[in-house]
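Okay, so here's the structure we're looking at.
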Amino acid sequence: FPMEINYMTNTQIHHSTHAAEIDSRNDNLKIYVNGKIVPKEQATVSVYDAGFMLGDGIWEGIRLYNGKWAFLNEHLDRLFGAAKALDLDLGLDRAGFEKALNATATANNMTENVHARLMVTRGIKDKPFQDPRLSTSGPTIVIIMEHSKPLTTLVDQGIKLHTVPVVRGMPMSQD
């Protein structure tokens, strides 16, 4: 299939939803890693982690406004649905994920204009092979949050939507 590839330039990024005001508070973030909240310099994941090694994991991007998680139930529905489809043990229930999100926000003194990336992988593998049964440590759970206030110019100039011509989940694809 002929495909046109367009790489986003810095100018294009400033017209997307990824454009945010620079915030020095992001220099000293605390990250949730497997039940502990640590300075970002200490937030590490093993090279044997299934997410690093194989991309075997799932994630959600969630926004925090006025101390409330936007569409939290929908995000958790999608997280749990994806985990079920992949037969991935999440290690926490819905209340556990909400508690972890809130604890991370509190540790970073965050209540407004926050972007959280909630990631769950199959965990550390015993050997560097694809078989999911080789991940015996349980899941790896990481939550990274940043102060992320959209650029004020986005309100006046709008954003550009980028799409790709690749359709995932086609019937002839392996699930």
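By order of appearance in the structure tokens: chains A, B, ..., then residues from 1 within every chain, and ligands from 1 in the order shown.
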
Just want the 7 Å neighbourhood of segment 43-50 of chain A, counted on only C-alpha atoms, with same-chain residues fewer than 2 positions away dropped. Output as number ranges by chain. A: 31, 33, 38-41, 52-56, 121-125, 128

Expected file: the selected residues, N, CA, C and O atoms, as a PDB file, in the first residue's frame:
ATOM      1  N   ILE A  31       7.130   9.341  41.116  1.00  0.00           N
ATOM      2  CA  ILE A  31       6.548   8.330  40.241  1.00  0.00           C
ATOM      3  C   ILE A  31       6.102   7.134  41.079  1.00  0.00           C
ATOM      4  O   ILE A  31       6.811   6.699  41.990  1.00  0.00           O
ATOM      5  N   VAL A  33       5.725   3.315  41.359  1.00  0.00           N
ATOM      6  CA  VAL A  33       6.278   2.085  40.781  1.00  0.00           C
ATOM      7  C   VAL A  33       5.968   0.943  41.740  1.00  0.00           C
ATOM      8  O   VAL A  33       6.520   0.873  42.839  1.00  0.00           O
ATOM      9  N   VAL A  38       8.330   7.131  44.363  1.00  0.00           N
ATOM     10  CA  VAL A  38       9.754   7.442  44.459  1.00  0.00           C
ATOM     11  C   VAL A  38      10.097   8.643  43.566  1.00  0.00           C
ATOM     12  O   VAL A  38       9.375   8.926  42.605  1.00  0.00           O
ATOM     13  N   PRO A  39      11.194   9.347  43.870  1.00  0.00           N
ATOM     14  CA  PRO A  39      11.634  10.411  42.960  1.00  0.00           C
ATOM     15  C   PRO A  39      11.887   9.835  41.570  1.00  0.00           C
ATOM     16  O   PRO A  39      12.312   8.673  41.439  1.00  0.00           O
ATOM     17  N   LYS A  40      11.635  10.631  40.537  1.00  0.00           N
ATOM     18  CA  LYS A  40      11.735  10.093  39.181  1.00  0.00           C
ATOM     19  C   LYS A  40      13.113   9.526  38.860  1.00  0.00           C
ATOM     20  O   LYS A  40      13.218   8.599  38.070  1.00  0.00           O
ATOM     21  N   GLU A  41      14.162  10.027  39.496  1.00  0.00           N
ATOM     22  CA  GLU A  41      15.500   9.492  39.260  1.00  0.00           C
ATOM     23  C   GLU A  41      15.635   8.053  39.746  1.00  0.00           C
ATOM     24  O   GLU A  41      16.504   7.317  39.304  1.00  0.00           O
ATOM     25  N   PHE A  52       9.041  -3.654  28.583  1.00  0.00           N
ATOM     26  CA  PHE A  52      10.252  -3.178  27.925  1.00  0.00           C
ATOM     27  C   PHE A  52      10.710  -4.164  26.865  1.00  0.00           C
ATOM     28  O   PHE A  52      11.011  -3.797  25.734  1.00  0.00           O
ATOM     29  N   MET A  53      10.731  -5.417  27.224  1.00  0.00           N
ATOM     30  CA  MET A  53      11.274  -6.440  26.340  1.00  0.00           C
ATOM     31  C   MET A  53      10.391  -6.702  25.118  1.00  0.00           C
ATOM     32  O   MET A  53      10.899  -6.877  24.015  1.00  0.00           O
ATOM     33  N   LEU A  54       9.062  -6.717  25.324  1.00  0.00           N
ATOM     34  CA  LEU A  54       8.161  -7.155  24.257  1.00  0.00           C
ATOM     35  C   LEU A  54       7.014  -6.189  23.957  1.00  0.00           C
ATOM     36  O   LEU A  54       6.200  -6.466  23.078  1.00  0.00           O
ATOM     37  N   GLY A  55       6.925  -5.097  24.691  1.00  0.00           N
ATOM     38  CA  GLY A  55       5.767  -4.221  24.527  1.00  0.00           C
ATOM     39  C   GLY A  55       4.502  -4.869  25.050  1.00  0.00           C
ATOM     40  O   GLY A  55       3.404  -4.555  24.605  1.00  0.00           O
ATOM     41  N   ASP A  56       4.646  -5.789  25.984  1.00  0.00           N
ATOM     42  CA  ASP A  56       3.532  -6.567  26.516  1.00  0.00           C
ATOM     43  C   ASP A  56       2.929  -5.837  27.712  1.00  0.00           C
ATOM     44  O   ASP A  56       3.321  -6.057  28.857  1.00  0.00           O
ATOM     45  N   THR A 121       2.290  -3.670  32.875  1.00  0.00           N
ATOM     46  CA  THR A 121       2.883  -4.703  32.024  1.00  0.00           C
ATOM     47  C   THR A 121       2.701  -6.061  32.680  1.00  0.00           C
ATOM     48  O   THR A 121       2.293  -6.155  33.840  1.00  0.00           O
ATOM     49  N   ARG A 122       3.033  -7.107  31.948  1.00  0.00           N
ATOM     50  CA  ARG A 122       2.910  -8.461  32.475  1.00  0.00           C
ATOM     51  C   ARG A 122       3.950  -8.739  33.549  1.00  0.00           C
ATOM     52  O   ARG A 122       3.877  -9.730  34.265  1.00  0.00           O
ATOM     53  N   GLY A 123       4.936  -7.866  33.700  1.00  0.00           N
ATOM     54  CA  GLY A 123       5.925  -8.007  34.769  1.00  0.00           C
ATOM     55  C   GLY A 123       7.249  -8.546  34.279  1.00  0.00           C
ATOM     56  O   GLY A 123       7.495  -8.684  33.078  1.00  0.00           O
ATOM     57  N   ILE A 124       8.084  -8.861  35.234  1.00  0.00           N
ATOM     58  CA  ILE A 124       9.442  -9.321  34.931  1.00  0.00           C
ATOM     59  C   ILE A 124       9.390 -10.772  34.463  1.00  0.00           C
ATOM     60  O   ILE A 124       8.729 -11.621  35.055  1.00  0.00           O
ATOM     61  N   LYS A 125      10.116 -11.026  33.389  1.00  0.00           N
ATOM     62  CA  LYS A 125      10.164 -12.365  32.797  1.00  0.00           C
ATOM     63  C   LYS A 125      11.339 -13.151  33.372  1.00  0.00           C
ATOM     64  O   LYS A 125      12.373 -12.594  33.700  1.00  0.00           O
ATOM     65  N   PRO A 128      14.235 -14.231  28.497  1.00  0.00           N
ATOM     66  CA  PRO A 128      13.864 -13.250  27.466  1.00  0.00           C
ATOM     67  C   PRO A 128      13.132 -13.870  26.275  1.00  0.00           C
ATOM     68  O   PRO A 128      13.570 -13.747  25.128  1.00  0.00           O
TER      69      PRO A 128
END

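By chain and then residue number, the residues within 10 Å of Asn66 of chain A are Ala70, Met110, Thr111, Glu112, Asn113 and Val114 of chain A, counting only C-alpha atoms and disregarding those fewer than 4 positions away in sequence.
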
Of the candidates A:Val166, A:Leu101, A:Leu29, A:Ala83, which one gets nearest to Trp69 of chain A if we count only C-alpha atoms? A:Leu101

Within chain A, find each residue whose DSSP state, derived from the backbone, is strand (DSSP E or B), and express the selection as a PyMOL selection string. chain A and resi 20+30-33+36-39+49+57-65+68-69+114-121+124-125+135+140-147+150

Could the residues in this selection be saved with C-alpha atoms as a PDB file, in the first residue's frame?
ATOM      1  CA  ALA A  20       1.612  22.280  27.203  1.00  0.00           C
ATOM      2  CA  LYS A  30       7.471  11.505  42.124  1.00  0.00           C
ATOM      3  CA  ILE A  31       6.548   8.330  40.241  1.00  0.00           C
ATOM      4  CA  TYR A  32       4.436   5.377  41.372  1.00  0.00           C
ATOM      5  CA  VAL A  33       6.278   2.085  40.781  1.00  0.00           C
ATOM      6  CA  LYS A  36       5.972   2.798  46.074  1.00  0.00           C
ATOM      7  CA  ILE A  37       6.166   6.472  45.210  1.00  0.00           C
ATOM      8  CA  VAL A  38       9.754   7.442  44.459  1.00  0.00           C
ATOM      9  CA  PRO A  39      11.634  10.411  42.960  1.00  0.00           C
ATOM     10  CA  ASP A  49      10.143  -6.479  32.179  1.00  0.00           C
ATOM     11  CA  GLY A  57       1.373  -4.197  28.487  1.00  0.00           C
ATOM     12  CA  ILE A  58      -1.376  -1.612  28.424  1.00  0.00           C
ATOM     13  CA  TRP A  59      -1.717   2.030  29.372  1.00  0.00           C
ATOM     14  CA  GLU A  60      -4.215   4.828  29.860  1.00  0.00           C
ATOM     15  CA  GLY A  61      -3.706   8.591  29.725  1.00  0.00           C
ATOM     16  CA  ILE A  62      -5.945  10.295  32.279  1.00  0.00           C
ATOM     17  CA  ARG A  63      -6.420  14.002  33.057  1.00  0.00           C
ATOM     18  CA  LEU A  64      -7.003  15.574  36.477  1.00  0.00           C
ATOM     19  CA  TYR A  65      -9.044  18.793  36.731  1.00  0.00           C
ATOM     20  CA  LYS A  68     -11.304  15.071  39.846  1.00  0.00           C
ATOM     21  CA  TRP A  69     -10.173  12.465  37.331  1.00  0.00           C
ATOM     22  CA  VAL A 114      -2.462  17.137  35.270  1.00  0.00           C
ATOM     23  CA  HIS A 115      -1.782  14.361  32.774  1.00  0.00           C
ATOM     24  CA  ALA A 116      -1.291  10.886  34.249  1.00  0.00           C
ATOM     25  CA  ARG A 117       0.072   7.917  32.316  1.00  0.00           C
ATOM     26  CA  LEU A 118      -1.047   4.685  33.995  1.00  0.00           C
ATOM     27  CA  MET A 119       0.917   1.690  32.674  1.00  0.00           C
ATOM     28  CA  VAL A 120       0.648  -2.005  33.472  1.00  0.00           C
ATOM     29  CA  THR A 121       2.883  -4.703  32.024  1.00  0.00           C
ATOM     30  CA  ILE A 124       9.442  -9.321  34.931  1.00  0.00           C
ATOM     31  CA  LYS A 125      10.164 -12.365  32.797  1.00  0.00           C
ATOM     32  CA  SER A 135       6.362 -13.574  33.530  1.00  0.00           C
ATOM     33  CA  THR A 140       4.551  -4.032  36.850  1.00  0.00           C
ATOM     34  CA  ILE A 141       2.451  -0.936  37.574  1.00  0.00           C
ATOM     35  CA  VAL A 142       3.829   2.552  36.903  1.00  0.00           C
ATOM     36  CA  ILE A 143       2.071   5.917  37.130  1.00  0.00           C
ATOM     37  CA  ILE A 144       3.790   9.015  35.787  1.00  0.00           C
ATOM     38  CA  MET A 145       2.086  12.389  36.252  1.00  0.00           C
ATOM     39  CA  GLU A 146       3.020  15.799  34.958  1.00  0.00           C
ATOM     40  CA  HIS A 147       1.663  19.274  35.386  1.00  0.00           C
ATOM     41  CA  PRO A 150      -2.535  23.321  27.571  1.00  0.00           C
TER      42      PRO A 150
END

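Between atom CA of Ala100 of chain A and atom CA of Gln130 of chain A lies a distance of 28.9 Å.
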
Min atom-atom distance to Leu76 of chain A from the set A:Asp89, A:Gly96, A:Gly35, A:Asp156, counting only C-alpha atoms, belongs to A:Gly96

Just list the residues in segment 59-107 of chain A DSSP gives helix (DSSP H, G or I) on the backbone, as a VMD selection string. chain A and resid 72 to 86 94 to 107

Since we have the selection now, will you write its residues out, keeping N, CA, C and O atoms, as a compact mmCIF listing (two decimals), in the first residue's frame?
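Result file out.txt:
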# COMPACT_ATOMS: atom_id res chain seq x y z
N LEU A 72 -12.81 8.85 34.64
CA LEU A 72 -12.08 7.77 35.29
C LEU A 72 -12.74 6.42 35.08
O LEU A 72 -12.05 5.43 34.77
N ASN A 73 -14.04 6.34 35.22
CA ASN A 73 -14.72 5.05 35.04
C ASN A 73 -14.52 4.51 33.64
O ASN A 73 -14.28 3.31 33.45
N GLU A 74 -14.60 5.38 32.64
CA GLU A 74 -14.40 4.94 31.25
C GLU A 74 -12.96 4.47 31.03
O GLU A 74 -12.72 3.47 30.34
N HIS A 75 -12.00 5.19 31.61
CA HIS A 75 -10.60 4.77 31.47
C HIS A 75 -10.37 3.42 32.15
O HIS A 75 -9.68 2.54 31.59
N LEU A 76 -10.93 3.24 33.33
CA LEU A 76 -10.76 1.96 34.02
C LEU A 76 -11.50 0.84 33.30
O LEU A 76 -11.00 -0.29 33.25
N ASP A 77 -12.66 1.14 32.73
CA ASP A 77 -13.36 0.13 31.92
C ASP A 77 -12.46 -0.34 30.78
O ASP A 77 -12.34 -1.54 30.52
N ARG A 78 -11.83 0.62 30.10
CA ARG A 78 -10.97 0.26 28.96
C ARG A 78 -9.73 -0.50 29.44
O ARG A 78 -9.31 -1.47 28.81
N LEU A 79 -9.15 -0.08 30.56
CA LEU A 79 -7.98 -0.77 31.11
C LEU A 79 -8.32 -2.22 31.44
O LEU A 79 -7.60 -3.15 31.04
N PHE A 80 -9.43 -2.43 32.15
CA PHE A 80 -9.82 -3.78 32.54
C PHE A 80 -10.24 -4.61 31.33
O PHE A 80 -9.98 -5.81 31.28
N GLY A 81 -10.87 -3.97 30.34
CA GLY A 81 -11.24 -4.68 29.11
C GLY A 81 -10.01 -5.13 28.33
O GLY A 81 -9.97 -6.26 27.84
N ALA A 82 -9.01 -4.25 28.24
CA ALA A 82 -7.78 -4.61 27.54
C ALA A 82 -7.05 -5.73 28.28
O ALA A 82 -6.52 -6.66 27.67
N ALA A 83 -7.02 -5.65 29.61
CA ALA A 83 -6.37 -6.69 30.41
C ALA A 83 -7.05 -8.03 30.20
O ALA A 83 -6.39 -9.08 30.10
N LYS A 84 -8.37 -8.03 30.13
CA LYS A 84 -9.10 -9.28 29.90
C LYS A 84 -8.77 -9.85 28.53
O LYS A 84 -8.54 -11.05 28.39
N ALA A 85 -8.72 -8.97 27.52
CA ALA A 85 -8.42 -9.43 26.16
C ALA A 85 -7.02 -10.03 26.06
O ALA A 85 -6.79 -10.95 25.29
N LEU A 86 -6.09 -9.50 26.86
CA LEU A 86 -4.70 -9.99 26.83
C LEU A 86 -4.42 -11.05 27.89
O LEU A 86 -3.30 -11.53 28.00
N ARG A 94 -10.29 -1.89 40.78
CA ARG A 94 -10.59 -0.51 40.40
C ARG A 94 -10.27 0.46 41.54
O ARG A 94 -9.67 1.52 41.32
N ALA A 95 -10.68 0.11 42.75
CA ALA A 95 -10.43 0.98 43.90
C ALA A 95 -8.92 1.12 44.14
O ALA A 95 -8.45 2.20 44.51
N GLY A 96 -8.17 0.04 43.91
CA GLY A 96 -6.72 0.09 44.07
C GLY A 96 -6.07 1.04 43.08
O GLY A 96 -5.13 1.78 43.44
N PHE A 97 -6.54 1.03 41.82
CA PHE A 97 -5.98 1.96 40.84
C PHE A 97 -6.34 3.40 41.17
O PHE A 97 -5.49 4.30 41.07
N GLU A 98 -7.57 3.63 41.62
CA GLU A 98 -7.97 4.99 41.99
C GLU A 98 -7.15 5.47 43.18
O GLU A 98 -6.69 6.61 43.21
N LYS A 99 -6.93 4.59 44.15
CA LYS A 99 -6.11 4.94 45.31
C LYS A 99 -4.68 5.26 44.89
O LYS A 99 -4.08 6.23 45.37
N ALA A 100 -4.12 4.48 43.97
CA ALA A 100 -2.75 4.71 43.49
C ALA A 100 -2.66 6.04 42.73
O ALA A 100 -1.70 6.80 42.91
N LEU A 101 -3.65 6.33 41.90
CA LEU A 101 -3.68 7.61 41.18
C LEU A 101 -3.74 8.77 42.16
O LEU A 101 -2.98 9.75 42.05
N ASN A 102 -4.64 8.68 43.14
CA ASN A 102 -4.79 9.76 44.12
C ASN A 102 -3.54 9.93 44.97
O ASN A 102 -3.13 11.07 45.26
N ALA A 103 -2.92 8.83 45.36
CA ALA A 103 -1.70 8.92 46.18
C ALA A 103 -0.57 9.58 45.40
O ALA A 103 0.19 10.38 45.95
N THR A 104 -0.47 9.26 44.11
CA THR A 104 0.58 9.86 43.28
C THR A 104 0.31 11.35 43.08
O THR A 104 1.23 12.17 43.15
N ALA A 105 -0.94 11.71 42.85
CA ALA A 105 -1.29 13.13 42.71
C ALA A 105 -0.99 13.87 44.01
O ALA A 105 -0.41 14.97 43.98
N THR A 106 -1.35 13.28 45.15
CA THR A 106 -1.09 13.92 46.44
C THR A 106 0.41 14.08 46.68
O THR A 106 0.86 15.14 47.12
N ALA A 107 1.20 13.06 46.37
CA ALA A 107 2.65 13.12 46.57
C ALA A 107 3.29 14.23 45.73
O ALA A 107 4.31 14.78 46.11

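Put simply, atom CA of Leu92 of chain A is 9.4 Å away from atom CA of Pro139 of chain A.
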